[in-house]
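*Asks:* Below you'll find the structure I mean.
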Amino acid sequence: QVQLVESGGGLVQAGGSLRLSCAASGSISNANAMRWYRQAPGKQRELVATFLSGGSTNYVDSVKGRFTISRDNAKNTLYLQMNSLKPEDTAVYYCNAKRWVPVPYDYWGQGTQVTVSS
């Protein structure tokens, strides 16, 4: 069982930046997809960014051009660089590592709070 631990959240003013990290206790280099999700109070969990094993990335429209997902397999760490933050980015951010084949797994971190003040 691999544990994921997020860090880097905090309070920032609108327009500011934060970099979230997600450190894995074991190798995640064979994950098919690494993702960042977020959940704002009273809202459903939302997929924010995806890093696929082939190196391609995807983002929800609301963060395109502002957020960048990256992965360092040597450090077993996933990152989310967040620039030009807006109050609507306020949420708990979770990282996820998922593999479909040949041996599936689905690991989640405990979340890190990001609060953007106006």
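In the structure tokens, the first chain shown is A, the next is B, and so on; residue numbers restart at 1 for each chain, and ligands run from 1 in the order shown.
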Can you pull out every residue within 12 Å of region 58-63 of chain A, counting only C-alpha atoms, but drop anything in the same chain fewer than 4 positions away, and send it as a PyMOL selection string?
*Replies:* chain A and resi 33-38+46-52+67-70+80-86+88-89
*Asks:* Could you save those same residues with N, CA, C and O atoms as a compact mmCIF listing (two decimals), in the first residue's frame?
*Replies:*
```txt
# COMPACT_ATOMS: atom_id res chain seq x y z
N ALA A 33 -2.24 7.03 -14.33
CA ALA A 33 -2.64 8.43 -14.25
C ALA A 33 -2.39 8.95 -12.85
O ALA A 33 -2.63 8.25 -11.86
N MET A 34 -1.88 10.17 -12.80
CA MET A 34 -1.74 10.90 -11.54
C MET A 34 -2.62 12.13 -11.67
O MET A 34 -2.56 12.83 -12.70
N ARG A 35 -3.42 12.40 -10.65
CA ARG A 35 -4.41 13.47 -10.76
C ARG A 35 -4.45 14.34 -9.52
O ARG A 35 -4.14 13.88 -8.42
N TRP A 36 -4.88 15.57 -9.72
CA TRP A 36 -5.24 16.47 -8.64
C TRP A 36 -6.74 16.72 -8.74
O TRP A 36 -7.25 17.04 -9.81
N TYR A 37 -7.40 16.58 -7.60
CA TYR A 37 -8.81 16.90 -7.45
C TYR A 37 -8.93 18.02 -6.42
O TYR A 37 -8.00 18.26 -5.64
N ARG A 38 -10.07 18.65 -6.39
CA ARG A 38 -10.36 19.61 -5.33
C ARG A 38 -11.83 19.53 -4.95
O ARG A 38 -12.67 19.13 -5.75
N GLU A 46 -14.00 17.75 -7.64
CA GLU A 46 -13.81 18.12 -9.04
C GLU A 46 -12.41 17.72 -9.51
O GLU A 46 -11.43 17.98 -8.80
N LEU A 47 -12.33 17.10 -10.68
CA LEU A 47 -11.03 16.79 -11.26
C LEU A 47 -10.42 18.07 -11.80
O LEU A 47 -11.03 18.76 -12.61
N VAL A 48 -9.20 18.37 -11.38
CA VAL A 48 -8.53 19.61 -11.76
C VAL A 48 -7.50 19.37 -12.86
O VAL A 48 -7.48 20.10 -13.85
N ALA A 49 -6.64 18.38 -12.67
CA ALA A 49 -5.55 18.16 -13.62
C ALA A 49 -5.14 16.70 -13.62
O ALA A 49 -5.20 16.04 -12.58
N THR A 50 -4.71 16.23 -14.79
CA THR A 50 -4.31 14.83 -14.96
C THR A 50 -2.95 14.77 -15.65
O THR A 50 -2.71 15.52 -16.61
N PHE A 51 -2.10 13.87 -15.16
CA PHE A 51 -0.82 13.58 -15.81
C PHE A 51 -0.85 12.11 -16.16
O PHE A 51 -0.86 11.26 -15.27
N LEU A 52 -0.90 11.81 -17.45
CA LEU A 52 -0.98 10.43 -17.89
C LEU A 52 0.42 9.82 -18.04
O LEU A 52 1.40 10.55 -18.21
N PHE A 67 -2.69 26.75 -14.06
CA PHE A 67 -2.14 25.63 -13.29
C PHE A 67 -1.30 24.74 -14.19
O PHE A 67 -1.61 24.58 -15.38
N THR A 68 -0.26 24.14 -13.61
CA THR A 68 0.59 23.20 -14.33
C THR A 68 0.84 21.98 -13.46
O THR A 68 1.32 22.12 -12.33
N ILE A 69 0.51 20.81 -13.99
CA ILE A 69 0.78 19.57 -13.28
C ILE A 69 2.08 18.98 -13.80
O ILE A 69 2.38 19.05 -15.01
N SER A 70 2.87 18.45 -12.88
CA SER A 70 4.13 17.82 -13.28
C SER A 70 4.42 16.66 -12.33
O SER A 70 3.81 16.54 -11.28
N LEU A 80 1.60 20.45 -8.36
CA LEU A 80 0.63 21.30 -9.03
C LEU A 80 1.05 22.74 -8.77
O LEU A 80 0.94 23.23 -7.65
N GLN A 81 1.57 23.38 -9.81
CA GLN A 81 1.91 24.79 -9.72
C GLN A 81 0.66 25.60 -10.03
O GLN A 81 0.08 25.42 -11.11
N MET A 82 0.28 26.45 -9.12
CA MET A 82 -0.94 27.24 -9.27
C MET A 82 -0.59 28.71 -9.27
O MET A 82 -0.07 29.23 -8.27
N ASN A 83 -0.84 29.36 -10.39
CA ASN A 83 -0.56 30.79 -10.53
C ASN A 83 -1.85 31.56 -10.73
O ASN A 83 -2.89 30.97 -11.07
N SER A 84 -1.79 32.85 -10.56
CA SER A 84 -2.96 33.72 -10.76
C SER A 84 -4.18 33.16 -10.04
O SER A 84 -5.28 33.06 -10.61
N LEU A 85 -3.99 32.84 -8.79
CA LEU A 85 -5.07 32.21 -8.02
C LEU A 85 -6.25 33.14 -7.83
O LEU A 85 -6.09 34.37 -7.71
N LYS A 86 -7.43 32.53 -7.82
CA LYS A 86 -8.68 33.25 -7.66
C LYS A 86 -9.41 32.74 -6.43
O LYS A 86 -9.21 31.58 -6.03
N GLU A 88 -12.24 31.58 -6.17
CA GLU A 88 -12.98 30.36 -6.52
C GLU A 88 -12.10 29.12 -6.59
O GLU A 88 -12.60 28.00 -6.76
N ASP A 89 -10.79 29.29 -6.46
CA ASP A 89 -9.89 28.15 -6.36
C ASP A 89 -9.81 27.60 -4.94
O ASP A 89 -9.17 26.57 -4.70
```
*Asks:* Which polymer residues have any atom within 12 Å of an atom of Asn73 (chain A), counting only C-alpha atoms, with same-chain residues fewer than 3 positions away left out, as a PyMOL selection string?
*Replies:* chain A and resi 22-24+26-31+34+51+53+55+70+76-79
*Asks:* Counting only C-alpha atoms, figure out which residue out of A:Ser25, A:Thr90, A:Ser17, A:Gln113 gets nearest to Leu4 (chain A).
*Replies:*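 Comparing A:Ser25, A:Thr90, A:Ser17, A:Gln113 against Leu4 (chain A), the winner is A:Ser25.
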*Asks:* Going by DSSP on the backbone, which bits of region 2-118 of chain A are strand (DSSP E or B)? Write them as a PyMOL selection string, please.
*Replies:* chain A and resi 4-7+10-13+18-24+33-39+46-52+57-59+67-72+77-82+91-99+105-109+112-117
*Asks:* Which distance in Å separates CA of Ser118 (chain A) and CA of Val5 (chain A), to one decimal?
*Replies:* 28.0 Å
*Asks:* Just to confirm, what's the straight-line distance from CA of Val114 (chain A) to CA of Ala91 (chain A) in Å (one decimal)?
*Replies:*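 Spanning CA of Val114 (chain A) to CA of Ala91 (chain A) is a straight-line distance of 5.5 Å.
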*Asks:* Restricting the calculation to only C-alpha atoms: of A:Thr115, A:Gln39, A:Asn32, A:Ser7, which residue gets closest to Pro102 (chain A)?
*Replies:*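 Smallest distance to Pro102 (chain A) is found for A:Asn32.
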*Asks:* In Å to one decimal, how far is CA of Gln110 (chain A) from CA of Gly54 (chain A)?
*Replies:*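 Straight-line distance from CA of Gly54 (chain A) to CA of Gln110 (chain A) works out to 26.2 Å.
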*Asks:* Taking only C-alpha atoms into account, name the residue in A:Thr112, A:Arg19, A:Arg71, A:Arg99 that is nearest to Ser56 (chain A).
*Replies:* A:Arg71
*Asks:* Please identify the helix (DSSP H, G or I) residues within region 40-94 of chain A (assignment by DSSP from backbone atoms) and present them as a count of residues only.
*Replies:* 9
*Asks:* Which residue, A:Glu6, A:Leu20, A:Pro41, A:Pro87, has the smallest gap to Val116 (chain A) when you use only C-alpha atoms?
*Replies:*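 Among the listed residues, the smallest separation from Val116 (chain A) belongs to A:Pro87.
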